[in-house]
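Below is one structure, written out as structure tokens, with a few remarks after it.
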Amino acid sequence: MNKVVAHKYIDREKSWLAFNARVLQEAGDNSVPLLDRLRFLGIFSNNLDEFFRVRFAAIRRLSLTGITGEKYLGGISAQQLVKDITEIVIQQQSESLRILSVIESELEKKNIFIITENDISTQQEIFLKDFFIQKLSPELVTIILNDLAEFPLLKDTSGYLAVKLVMNHTSEIRYAVIEIPKTINRFVVLPSDNEKQYVILIDDVIRHNLSSIFNIFDYKSVSAHMIKITRDAQLDIDSDLSKSMIEKISLSVKDRRIGEPVRFIYDQLIEKDTLQFFLDEMKIESTDSIIPGGRYHNRRDYMNFPNLGRFDLLYKTNDPLPIPGLSLEGSILEKISQRDYLLNAPYQSFSYLTRFLREAALDPKVTSIKITLYRLAKNSQIISSLINAAKNGKKVTVQIELQARFDEASNISYAEQMQLEGIELIFGIKGLKVHSKICVIERNENDKIKRYGFISTGNFNESTAKVYTDVTLFTSHQQILKDIMKIFEFFDINYRVNRYKHLIVSPHYTRTRFVKLIDREITHALAGRKTHMKLKMNSLSDFAMIDKLYEASRAGVKIQLEVRGICSLIPGIAGMSNNIEAISIVDNYLEHSRVYIFGNAGQTEVYISSADFMTRNLDDRVEVTCPIYDQEIKNELIDNFDIGWKGNVKARFHSYKLDNKYRGRNHNPVFRAQLETYKYYQNKLELASKK
């Protein structure tokens, strides 16, 4: 692919949209089970919602200032980028509607029918009448708009039906809006008919009952079309020193409800006068992204489409495997005192992590627990374990990130729970998010303090651990754990810059240390020594790090990149990056672990990290990168990378074309990396059982 390109970098927003296009590819892939294709469609929609609330909103703010921002955007102006993004999204939305139509047709062949209000049978009518009266009607918020002094605030997390009523006799037009309730599952499973199964969206149940909702009006026609707004999700943190951090974040999250509109989606069959009424009343201007869509929005709800008992239309679930040599029934601390262990979720059971904390909570010899928390499960076992530890007299210190995007309200609620239980809370450092995933406990052994802990690439979240691939190192390496204690000291006294003997910590050291590691590979290559880099991350967008990788490529270092999401680096360009290959794997699990492998002329070094090669991770967050010293775990992580690299089913090439070209098989057998990774851990178990 030795092409000449005009720029050194791919714009990060366009690269992110290319990642979401890969998710959409999964929805359109005939080899993916049908109900999982609907799930991918929901993920695509949810991703796009967050993109508009955060990234598009930031670009739009920049464009409205009149500043081009080309220096920060890799050579494209903010104004042009807003236009380009809108065009790409309109095309992707059109493709997603086409895919949804295909999936619905395929489901019908499997006797699953997603019907509208126009297809309801007599039997279904009886069922839906009762459903509407008993469950749906009490949840509806319906607002007549014409006579209001002020247009109501529409939430960007909800979908709405824009209703037009044409009155009898006077032909007066009245407009109304109905909020589609989120307290009820969006999909209503109807009574089956022989072998046929039926599902209807509550949007259509509402449409079917418009006459009941508006029965006090004398109208001759009524119509309802879906609309959806997306708002700027930036938090403006109050600087009032008299308010607690929890108060400030709470108020800022509430203010997010009235953020500037950045996207307005509408059913393209809506009448022009109805559309114009809503655009005018909501003050949606041409500078905002106005996107025509289909009959239904908030398609993120398809992530929770009912399985209908049709497990033949879903990926086969593989039960999480045990870690060889580490039992969930015995003492985990005792085992970790003897050697390090690696947990690779979801291939292996996340229960080891919660079991570690439960044991620490009950162990009379454990005196303290310190942990960082970023995103937590809805009913978090982690929080339960920490509260249990506090009740047992342990000194529990929790650094909880209140500004974890879209998890602020949940984290505030957990923070308040923990405060009530006497847990010491740390709310981070001004200007720095704490994104590290670390835990350390202190245990009194023979009148000395011994430390145990874990370091992870992912959140301590039981729910996401079922679908996110992440690795966690359990260790009693005293020097590494001493470094973790220093990080907690930094949270308390953050004007002091600590030195760390083993860990690489942002914001002070990560960039410079990774640059040194890459420079060492360059030195080896220039000296004629065989060396390489294998880097796995979620995103690669920092221009200085990309330039350093280009420099390594020119020096002859072979670089393999597994980058799931944004990749602003352009691989395979003669004289710039011809020694770099880059792929993205999008499959049933979300690739989330960060693993950095440096060949070092045969003295291979391996690191796991919470940090991507993004400016925010390198300079603006507290991140932790940990070296792997155990040779068996080193080999395991290298094997994991190589299995991913061999993937020829779900791997796509990164390229300047952003075309998501699949890696070809070249007559090789089918090799689906995630499935092969599971087999790898099955084999490890079998080998361990024979020893």
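Lettering and numbering for the structure tokens are positional, with chains as A, B, ... in the shown order, residues counted from 1 in each chain, and ligands counted from 1 in the shown order.
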
Practice task
Do a neighbour search on Gln603 of chain A at 12 Å with only C-alpha atoms, toss out local chain neighbours closer than 5 positions, and write the hits as a PyMOL selection string.
Solution key: chain A and resi 520-521+524+529-532+597-598+629+631+634

Can I get the selected residues back with all heavy atoms, as a short mmCIF file (atom, residue, chain, number, x, y, z; two decimals), in the first residue's frame?
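What ended up in result-v8.cif:
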data_model
loop_
_atom_site.label_atom_id
_atom_site.label_comp_id
_atom_site.auth_asym_id
_atom_site.auth_seq_id
_atom_site.Cartn_x
_atom_site.Cartn_y
_atom_site.Cartn_z
N ARG A 520 14.80 3.41 22.16
CA ARG A 520 15.67 2.24 22.34
C ARG A 520 15.50 1.27 21.18
O ARG A 520 16.49 0.70 20.68
CB ARG A 520 15.35 1.55 23.67
CG ARG A 520 16.31 0.42 24.01
CD ARG A 520 15.97 -0.20 25.34
NE ARG A 520 14.65 -0.82 25.32
CZ ARG A 520 14.04 -1.33 26.39
NH1 ARG A 520 14.62 -1.28 27.56
NH2 ARG A 520 12.84 -1.88 26.29
N GLU A 521 14.26 1.09 20.71
CA GLU A 521 14.03 0.22 19.55
C GLU A 521 14.69 0.79 18.30
O GLU A 521 15.26 0.05 17.48
CB GLU A 521 12.52 0.04 19.31
CG GLU A 521 11.75 -0.61 20.46
CD GLU A 521 12.27 -1.99 20.81
OE1 GLU A 521 12.45 -2.82 19.91
OE2 GLU A 521 12.52 -2.23 22.02
N HIS A 524 18.41 0.07 18.47
CA HIS A 524 18.67 -1.33 18.11
C HIS A 524 18.60 -1.52 16.60
O HIS A 524 19.48 -2.17 16.00
CB HIS A 524 17.63 -2.25 18.77
CG HIS A 524 17.85 -2.47 20.24
ND1 HIS A 524 19.08 -2.74 20.78
CD2 HIS A 524 16.96 -2.47 21.28
CE1 HIS A 524 18.96 -2.89 22.09
NE2 HIS A 524 17.68 -2.74 22.42
N ARG A 529 20.39 -4.63 14.82
CA ARG A 529 19.82 -5.69 15.66
C ARG A 529 18.34 -5.87 15.32
O ARG A 529 17.64 -4.89 15.06
CB ARG A 529 20.00 -5.35 17.15
CG ARG A 529 21.46 -5.39 17.59
CD ARG A 529 21.59 -5.18 19.09
NE ARG A 529 21.40 -3.79 19.46
CZ ARG A 529 22.38 -2.88 19.54
NH1 ARG A 529 23.63 -3.23 19.23
NH2 ARG A 529 22.13 -1.65 19.89
N LYS A 530 17.89 -7.12 15.37
CA LYS A 530 16.50 -7.41 15.04
C LYS A 530 15.61 -7.01 16.21
O LYS A 530 15.85 -7.43 17.35
CB LYS A 530 16.34 -8.91 14.75
CG LYS A 530 15.05 -9.26 14.03
CD LYS A 530 15.05 -10.72 13.63
CE LYS A 530 13.74 -11.07 12.91
NZ LYS A 530 13.70 -12.49 12.53
N THR A 531 14.64 -6.19 15.94
CA THR A 531 13.76 -5.72 17.02
C THR A 531 12.39 -5.36 16.47
O THR A 531 12.19 -5.30 15.25
CB THR A 531 14.41 -4.52 17.74
OG1 THR A 531 13.72 -4.27 18.96
CG2 THR A 531 14.40 -3.28 16.87
N HIS A 532 11.43 -5.14 17.36
CA HIS A 532 10.06 -4.90 16.91
C HIS A 532 9.25 -4.26 18.03
O HIS A 532 9.68 -4.23 19.19
CB HIS A 532 9.39 -6.21 16.50
CG HIS A 532 9.23 -7.18 17.63
ND1 HIS A 532 10.21 -8.11 17.95
CD2 HIS A 532 8.25 -7.34 18.56
CE1 HIS A 532 9.82 -8.81 19.01
NE2 HIS A 532 8.64 -8.37 19.41
N ILE A 597 4.31 -4.15 23.88
CA ILE A 597 5.39 -5.14 23.82
C ILE A 597 6.56 -4.54 23.02
O ILE A 597 6.38 -4.13 21.87
CB ILE A 597 4.90 -6.45 23.16
CG1 ILE A 597 3.71 -7.02 23.95
CG2 ILE A 597 6.04 -7.46 23.06
CD1 ILE A 597 2.93 -8.09 23.19
N PHE A 598 7.73 -4.49 23.64
CA PHE A 598 8.92 -3.94 23.00
C PHE A 598 9.96 -5.06 22.86
O PHE A 598 10.38 -5.65 23.86
CB PHE A 598 9.47 -2.78 23.83
CG PHE A 598 8.52 -1.62 23.94
CD1 PHE A 598 7.60 -1.56 24.98
CD2 PHE A 598 8.53 -0.61 22.99
CE1 PHE A 598 6.71 -0.50 25.08
CE2 PHE A 598 7.65 0.46 23.07
CZ PHE A 598 6.73 0.51 24.12
N TYR A 629 6.77 -8.78 34.98
CA TYR A 629 8.05 -9.42 35.29
C TYR A 629 7.98 -10.95 35.22
O TYR A 629 9.00 -11.60 35.00
CB TYR A 629 8.54 -8.99 36.67
CG TYR A 629 8.87 -7.52 36.76
CD1 TYR A 629 8.48 -6.76 37.86
CD2 TYR A 629 9.57 -6.87 35.74
CE1 TYR A 629 8.78 -5.41 37.95
CE2 TYR A 629 9.88 -5.53 35.82
CZ TYR A 629 9.48 -4.80 36.93
OH TYR A 629 9.78 -3.46 37.01
N GLN A 631 7.70 -14.35 33.69
CA GLN A 631 7.94 -14.78 32.31
C GLN A 631 6.73 -15.50 31.71
O GLN A 631 6.41 -15.32 30.53
CB GLN A 631 9.18 -15.69 32.24
CG GLN A 631 9.63 -15.99 30.81
CD GLN A 631 10.00 -14.75 30.02
OE1 GLN A 631 10.73 -13.88 30.51
NE2 GLN A 631 9.46 -14.63 28.80
N LYS A 634 4.27 -12.86 30.77
CA LYS A 634 4.80 -12.19 29.57
C LYS A 634 4.44 -12.98 28.31
O LYS A 634 3.92 -12.44 27.33
CB LYS A 634 6.33 -12.08 29.66
CG LYS A 634 6.88 -10.82 30.22
CD LYS A 634 8.40 -10.84 29.96
CE LYS A 634 9.10 -9.72 30.66
NZ LYS A 634 10.53 -9.70 30.36
#

Problem - Surrounding residues of Ile143 of chain A excluding itself and chain neighbours under 4 positions, 10 Å, only C-alpha atoms, as a PyMOL selection string - result: chain A and resi 148+151-152+163+175-179

Write the selection just made, keeping N, CA and C atoms, as an mmCIF file, in the first residue's frame?
data_model
loop_
_atom_site.group_PDB
_atom_site.id
_atom_site.type_symbol
_atom_site.label_atom_id
_atom_site.label_comp_id
_atom_site.auth_asym_id
_atom_site.auth_seq_id
_atom_site.Cartn_x
_atom_site.Cartn_y
_atom_site.Cartn_z
ATOM 1 N N LEU A 148 -48.438 27.347 25.051
ATOM 2 C CA LEU A 148 -47.429 27.470 26.109
ATOM 3 C C LEU A 148 -46.629 28.757 25.944
ATOM 4 N N PHE A 151 -41.502 26.957 25.247
ATOM 5 C CA PHE A 151 -41.425 25.595 24.727
ATOM 6 C C PHE A 151 -40.744 24.708 25.759
ATOM 7 N N PRO A 152 -41.269 23.505 26.016
ATOM 8 C CA PRO A 152 -40.676 22.637 27.049
ATOM 9 C C PRO A 152 -39.283 22.162 26.654
ATOM 10 N N VAL A 163 -46.504 15.387 17.366
ATOM 11 C CA VAL A 163 -47.897 15.109 16.981
ATOM 12 C C VAL A 163 -48.514 16.344 16.340
ATOM 13 N N TYR A 175 -50.268 21.360 17.839
ATOM 14 C CA TYR A 175 -49.101 20.482 17.920
ATOM 15 C C TYR A 175 -48.931 19.996 19.360
ATOM 16 N N ALA A 176 -48.441 18.793 19.469
ATOM 17 C CA ALA A 176 -48.185 18.209 20.786
ATOM 18 C C ALA A 176 -46.908 17.382 20.713
ATOM 19 N N VAL A 177 -46.380 17.046 21.877
ATOM 20 C CA VAL A 177 -45.211 16.178 21.934
ATOM 21 C C VAL A 177 -45.461 15.119 23.005
ATOM 22 N N ILE A 178 -45.116 13.874 22.676
ATOM 23 C CA ILE A 178 -45.254 12.764 23.622
ATOM 24 C C ILE A 178 -43.871 12.184 23.858
ATOM 25 N N GLU A 179 -43.456 12.160 25.127
ATOM 26 C CA GLU A 179 -42.162 11.561 25.466
ATOM 27 C C GLU A 179 -42.315 10.047 25.545
#

Exercise for the section: Apply DSSP to the structure's backbone, then extract all residues of segment 454-617 of chain A labelled alpha helix (DSSP H) and return them as JSON, numbers by chain. Expected result: {"A": [478, 479, 480, 481, 482, 483, 484, 485, 486, 487, 488, 489, 490, 491, 492, 510, 511, 512, 513, 514, 515, 516, 517, 518, 519, 520, 521, 522, 523, 524, 525, 526, 543, 544, 545, 546, 547, 548, 549, 550, 551, 552, 553, 554, 555, 615, 616, 617]}

Can you write out as JSON lines which residues of segment 354-440 of chain A fall within 8 Å of segment 457-479 of chain A, alongside each residue's closest atom pair and its distance in Å to one decimal, counting only C-alpha atoms and ordering rows by chain and ascending residue number?
{"residue": "A:Leu373", "atom": "CA", "partner": "A:Phe460", "partner_atom": "CA", "distance": 6.9}
{"residue": "A:Tyr374", "atom": "CA", "partner": "A:Asn459", "partner_atom": "CA", "distance": 6.3}
{"residue": "A:Arg375", "atom": "CA", "partner": "A:Asn459", "partner_atom": "CA", "distance": 5.9}
{"residue": "A:Leu376", "atom": "CA", "partner": "A:Asn461", "partner_atom": "CA", "distance": 4.8}
{"residue": "A:Ala377", "atom": "CA", "partner": "A:Asn461", "partner_atom": "CA", "distance": 5.0}
{"residue": "A:Lys378", "atom": "CA", "partner": "A:Ser463", "partner_atom": "CA", "distance": 7.9}
{"residue": "A:Ser380", "atom": "CA", "partner": "A:Asn461", "partner_atom": "CA", "distance": 7.1}
{"residue": "A:Gln381", "atom": "CA", "partner": "A:Glu462", "partner_atom": "CA", "distance": 7.5}
{"residue": "A:Ile382", "atom": "CA", "partner": "A:Phe460", "partner_atom": "CA", "distance": 7.2}
{"residue": "A:Lys437", "atom": "CA", "partner": "A:Asn459", "partner_atom": "CA", "distance": 6.5}

Problem - Polymer residues at most 8 Å from Leu73 of chain A, only C-alpha atoms, same-chain spacing of 4 or more positions, as a count of residues only - result: 5

Problem - Between atom CA of His208 of chain A and atom CA of Glu117 of chain A, distance in Å (one decimal) - result: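 So the two atoms, atom CA of His208 of chain A and atom CA of Glu117 of chain A, lie 5.3 Å apart.
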
Neighbours of segment 670-682 of chain A within 6 Å (only C-alpha atoms; same-chain residues fewer than 2 positions away dropped), as a PDB file with N, CA and C atoms, in the first residue's frame?
ATOM      1  N   TYR A 347     -12.735 -13.887  29.000  1.00  0.00           N
ATOM      2  CA  TYR A 347     -12.368 -15.290  28.773  1.00  0.00           C
ATOM      3  C   TYR A 347     -12.248 -16.027  30.113  1.00  0.00           C
ATOM      4  N   ILE A 643      -2.284 -13.970  18.632  1.00  0.00           N
ATOM      5  CA  ILE A 643      -3.568 -14.566  18.219  1.00  0.00           C
ATOM      6  C   ILE A 643      -4.437 -13.505  17.552  1.00  0.00           C
ATOM      7  N   GLY A 644      -4.499 -12.328  18.167  1.00  0.00           N
ATOM      8  CA  GLY A 644      -5.262 -11.233  17.561  1.00  0.00           C
ATOM      9  C   GLY A 644      -4.719 -10.866  16.195  1.00  0.00           C
ATOM     10  N   GLY A 647      -5.823 -12.969  13.252  1.00  0.00           N
ATOM     11  CA  GLY A 647      -7.247 -12.962  12.931  1.00  0.00           C
ATOM     12  C   GLY A 647      -7.506 -12.616  11.471  1.00  0.00           C
ATOM     13  N   ASN A 648      -8.336 -13.423  10.820  1.00  0.00           N
ATOM     14  CA  ASN A 648      -8.645 -13.149   9.399  1.00  0.00           C
ATOM     15  C   ASN A 648     -10.156 -13.143   9.139  1.00  0.00           C
ATOM     16  N   VAL A 649     -10.943 -12.978  10.203  1.00  0.00           N
ATOM     17  CA  VAL A 649     -12.399 -12.937  10.051  1.00  0.00           C
ATOM     18  C   VAL A 649     -12.939 -11.570  10.457  1.00  0.00           C
ATOM     19  N   LYS A 684      -4.746 -24.013  28.095  1.00  0.00           N
ATOM     20  CA  LYS A 684      -3.928 -23.764  29.281  1.00  0.00           C
ATOM     21  C   LYS A 684      -4.476 -24.539  30.479  1.00  0.00           C
ATOM     22  N   LEU A 685      -5.804 -24.559  30.584  1.00  0.00           N
ATOM     23  CA  LEU A 685      -6.438 -25.300  31.683  1.00  0.00           C
ATOM     24  C   LEU A 685      -6.146 -26.789  31.580  1.00  0.00           C
TER      25      LEU A 685
END

Exercise for the section: Excluding Ser121 of chain A and any residue of its chain fewer than 5 positions from it, enumerate the residues within 12 Å of it, using only C-alpha atoms, and give them as number ranges by chain. Expected result: A: 115-116, 126-129, 190-193, 198

Handout entry: Option closest in space to Met614 of chain A, from A:Ser221, A:Ser539, A:Ser31, A:Thr170 [counting only C-alpha atoms]
Key =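 Among the listed residues, A:Ser539 lies closest to Met614 of chain A.
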
Practice task
Just the residues within 12 Å of Val199 of chain A, please, counting only C-alpha atoms, with nothing from its chain fewer than 2 positions along; format it as an NGL selection string.
Solution key: :A and (104 or 107-108 or 111-117 or 119-120 or 124 or 128 or 185-193 or 196-197 or 201-205 or 305-308)

With N, CA, C and O atoms retained, write the just-selected residues as a tab-separated table (two decimals), in the first residue's frame.
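So selection_10.tsv came out as:
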chain	number	residue	atom	x	y	z
A	104	GLU	N	-34.89	-7.19	9.62
A	104	GLU	CA	-36.31	-7.46	9.87
A	104	GLU	C	-36.85	-8.49	8.88
A	104	GLU	O	-37.63	-9.38	9.25
A	107	LEU	N	-35.50	-11.85	9.94
A	107	LEU	CA	-36.20	-12.32	11.14
A	107	LEU	C	-37.55	-12.93	10.78
A	107	LEU	O	-37.99	-13.92	11.38
A	108	GLU	N	-38.22	-12.35	9.80
A	108	GLU	CA	-39.52	-12.88	9.38
A	108	GLU	C	-39.38	-14.31	8.85
A	108	GLU	O	-40.26	-15.15	9.05
A	111	ASN	N	-39.67	-16.60	11.55
A	111	ASN	CA	-40.96	-16.49	12.25
A	111	ASN	C	-40.94	-15.48	13.39
A	111	ASN	O	-41.67	-15.62	14.38
A	112	ILE	N	-40.12	-14.44	13.26
A	112	ILE	CA	-40.14	-13.32	14.21
A	112	ILE	C	-40.55	-12.07	13.42
A	112	ILE	O	-39.90	-11.70	12.45
A	113	PHE	N	-41.63	-11.44	13.87
A	113	PHE	CA	-42.20	-10.32	13.13
A	113	PHE	C	-42.22	-9.08	14.02
A	113	PHE	O	-42.79	-9.10	15.11
A	114	ILE	N	-41.55	-8.01	13.55
A	114	ILE	CA	-41.63	-6.71	14.23
A	114	ILE	C	-42.73	-5.93	13.50
A	114	ILE	O	-42.54	-5.51	12.36
A	115	ILE	N	-43.87	-5.79	14.16
A	115	ILE	CA	-45.03	-5.21	13.49
A	115	ILE	C	-45.24	-3.75	13.90
A	115	ILE	O	-44.70	-3.29	14.91
A	116	THR	N	-46.07	-3.04	13.10
A	116	THR	CA	-46.45	-1.66	13.43
A	116	THR	C	-47.92	-1.64	13.85
A	116	THR	O	-48.59	-2.68	13.85
A	117	GLU	N	-48.40	-0.46	14.15
A	117	GLU	CA	-49.81	-0.33	14.57
A	117	GLU	C	-50.78	-0.71	13.47
A	117	GLU	O	-51.97	-0.97	13.73
A	119	ASP	N	-50.56	-3.43	11.68
A	119	ASP	CA	-50.56	-4.88	11.48
A	119	ASP	C	-51.19	-5.65	12.64
A	119	ASP	O	-51.12	-6.87	12.68
A	120	ILE	N	-51.79	-4.95	13.58
A	120	ILE	CA	-52.27	-5.58	14.82
A	120	ILE	C	-53.51	-6.44	14.56
A	120	ILE	O	-54.49	-5.98	13.96
A	124	GLN	N	-54.21	-9.54	19.27
A	124	GLN	CA	-53.18	-8.62	19.75
A	124	GLN	C	-53.80	-7.31	20.23
A	124	GLN	O	-53.31	-6.69	21.19
A	128	LEU	N	-53.01	-5.52	23.70
A	128	LEU	CA	-52.41	-4.19	23.72
A	128	LEU	C	-53.29	-3.15	24.40
A	128	LEU	O	-52.79	-2.18	24.98
A	185	ASN	N	-39.68	-1.29	28.84
A	185	ASN	CA	-38.88	-1.79	27.72
A	185	ASN	C	-39.47	-1.32	26.40
A	185	ASN	O	-40.68	-1.34	26.21
A	186	ARG	N	-38.61	-0.86	25.51
A	186	ARG	CA	-39.06	-0.28	24.24
A	186	ARG	C	-39.81	-1.30	23.39
A	186	ARG	O	-40.64	-0.94	22.56
A	187	PHE	N	-39.52	-2.59	23.60
A	187	PHE	CA	-40.09	-3.64	22.77
A	187	PHE	C	-41.11	-4.45	23.57
A	187	PHE	O	-40.81	-4.95	24.64
A	188	VAL	N	-42.32	-4.54	23.04
A	188	VAL	CA	-43.39	-5.28	23.69
A	188	VAL	C	-43.54	-6.62	22.97
A	188	VAL	O	-43.78	-6.66	21.76
A	189	VAL	N	-43.36	-7.71	23.72
A	189	VAL	CA	-43.53	-9.05	23.15
A	189	VAL	C	-45.01	-9.40	23.20
A	189	VAL	O	-45.63	-9.41	24.27
A	190	LEU	N	-45.58	-9.67	22.03
A	190	LEU	CA	-47.01	-9.97	21.92
A	190	LEU	C	-47.25	-11.47	22.02
A	190	LEU	O	-46.33	-12.27	21.81
A	191	PRO	N	-48.50	-11.88	22.31
A	191	PRO	CA	-48.80	-13.31	22.35
A	191	PRO	C	-48.44	-13.96	21.01
A	191	PRO	O	-48.71	-13.41	19.94
A	192	SER	N	-47.80	-15.13	21.09
A	192	SER	CA	-47.39	-15.82	19.86
A	192	SER	C	-48.59	-16.47	19.19
A	192	SER	O	-49.60	-16.75	19.82
A	193	ASP	N	-48.44	-16.68	17.91
A	193	ASP	CA	-49.50	-17.30	17.11
A	193	ASP	C	-48.89	-18.53	16.46
A	193	ASP	O	-48.14	-18.43	15.49
A	196	LYS	N	-45.26	-18.47	15.28
A	196	LYS	CA	-44.85	-17.10	14.96
A	196	LYS	C	-44.77	-16.26	16.23
A	196	LYS	O	-45.63	-16.35	17.10
A	197	GLN	N	-43.70	-15.45	16.30
A	197	GLN	CA	-43.51	-14.56	17.44
A	197	GLN	C	-43.58	-13.11	16.95
A	197	GLN	O	-43.09	-12.79	15.87
A	201	LEU	N	-42.91	-2.04	18.88
A	201	LEU	CA	-42.27	-0.98	19.66
A	201	LEU	C	-43.35	-0.16	20.37
A	201	LEU	O	-44.44	0.04	19.83
A	202	ILE	N	-43.02	0.33	21.56
A	202	ILE	CA	-44.03	1.12	22.28
A	202	ILE	C	-44.36	2.41	21.53
A	202	ILE	O	-45.45	2.96	21.71
A	203	ASP	N	-43.47	2.87	20.65
A	203	ASP	CA	-43.79	4.01	19.79
A	203	ASP	C	-45.09	3.74	19.03
A	203	ASP	O	-45.97	4.60	18.92
A	204	ASP	N	-45.18	2.52	18.48
A	204	ASP	CA	-46.35	2.16	17.67
A	204	ASP	C	-47.58	1.86	18.53
A	204	ASP	O	-48.71	2.04	18.09
A	205	VAL	N	-47.35	1.39	19.75
A	205	VAL	CA	-48.48	1.22	20.67
A	205	VAL	C	-49.08	2.60	20.98
A	205	VAL	O	-50.30	2.76	21.04
A	305	PHE	N	-32.92	-5.71	22.78
A	305	PHE	CA	-34.02	-6.38	22.09
A	305	PHE	C	-34.24	-7.75	22.76
A	305	PHE	O	-33.28	-8.47	23.06
A	306	PRO	N	-35.48	-8.12	23.04
A	306	PRO	CA	-35.74	-9.40	23.74
A	306	PRO	C	-35.23	-10.59	22.95
A	306	PRO	O	-35.34	-10.64	21.72
A	307	ASN	N	-34.67	-11.58	23.67
A	307	ASN	CA	-34.11	-12.74	22.95
A	307	ASN	C	-35.18	-13.73	22.52
A	307	ASN	O	-34.91	-14.61	21.69
A	308	LEU	N	-36.40	-13.61	23.07
A	308	LEU	CA	-37.55	-14.44	22.67
A	308	LEU	C	-37.29	-15.93	22.83
A	308	LEU	O	-37.96	-16.77	22.23

Fill in the blank from the handout: Between A:Thr230, A:Asn578, A:Ser96, A:Thr142, smallest distance to Arg299 of chain A by only C-alpha atoms belongs to A:Ser96

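The closest residue to Glu334 of chain A, picked from A:Lys450, A:Lys316, A:Arg55, A:Lys501 and counting only C-alpha atoms, is A:Lys450.
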